[in-house]
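Structure first, then comments.
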Amino acid sequence: MLKAAGHPLFFYSKASTIVAQMLRTNGHKLYFYSRCDKENRENHMEIDFLIPKRTLNRKHNICPVEVKSDRYTRLTSLRKYLDKYPEHLGTPFVLHDAPLKVENGVVFLPLYMMPFCPVNRTMIPKRNLR
């Protein structure tokens, strides 16, 4: 990993950058999850985006969003994250370059459908119209 002034530089794929821009345009703050455990590789996880619900309650407040820019979609981190925090998570989404499908509770959306993703429509903060 490259470092500049002591801070790691993260290089995102074009697809992740586009999804980040769409999320920001719809009023979301960008959060991610990263856990690196050098001693136990099984604990290593990275989630591209964590989108909180507009109104928080006791359960299912966060939707994890993974971006896969190729057809080979390994979801190891997402599966680990879902197993570790099931009570906190809403519907997980994977944005990829293949057709729409739902598999094991995960919604797979083609990248071009990001503007229509439920995380954008139902969880955007209300804007002040003044």
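Going through the structure tokens in order, the chains are called A, B, and so on, while each chain numbers its residues from 1 and the ligands are numbered from 1 in the order shown.
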Next item on the list: For range 112-118 of chain A, list every protein, DNA or RNA residue within 12 Å, evaluated using only C-alpha atoms, and leave out those in the same chain fewer than 2 positions away; present the list as an NGL selection string.
Entry: :A and (15-16 or 18-26 or 51 or 53 or 63 or 65-67 or 69 or 90-100 or 107-110 or 120-124)
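Between CA of Lys101 in chain A and CA of His60 in chain A there is a distance of 21.5 Å.
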Check: Any idea what's packed within 10 Å of Pro64 in chain A, counting only C-alpha atoms, ignoring anything in its chain fewer than 3 positions away? Could you give it as a PyMOL selection string?
Finding: chain A and resi 31-33+47-52+78+81-82+89-94+106+119
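Closest to Arg41 in chain A among A:Leu75, A:Asn61, A:Lys80, A:Gly27 is A:Lys80, based on only C-alpha atoms.
The shortest atom-to-atom distance to Thr17 in chain A, with only C-alpha atoms taken into account, belongs to A:Leu111 out of A:Glu103, A:Lys84, A:Met45, A:Leu111.
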Checklist line | Thr76 in chain A surroundings by only C-alpha atoms, 10 Å radius, close-in-sequence under 6 positions cut, as a VMD selection string | finding: chain A and resid 42 44 to 46
Limited to N, CA and C atoms, could you put the picked residues into a file as a tab-separated table (two decimals), in the first residue's frame?
```tsv
chain	number	residue	atom	x	y	z
A	42	GLU	N	-8.73	-14.83	8.48
A	42	GLU	CA	-10.19	-15.02	8.49
A	42	GLU	C	-10.92	-13.79	9.01
A	44	HIS	N	-10.07	-10.67	8.30
A	44	HIS	CA	-9.90	-9.56	7.36
A	44	HIS	C	-11.19	-9.33	6.57
A	45	MET	N	-11.68	-8.06	6.56
A	45	MET	CA	-12.91	-7.72	5.84
A	45	MET	C	-12.81	-6.30	5.30
A	46	GLU	N	-13.40	-6.08	4.12
A	46	GLU	CA	-13.54	-4.75	3.56
A	46	GLU	C	-14.90	-4.65	2.88
```
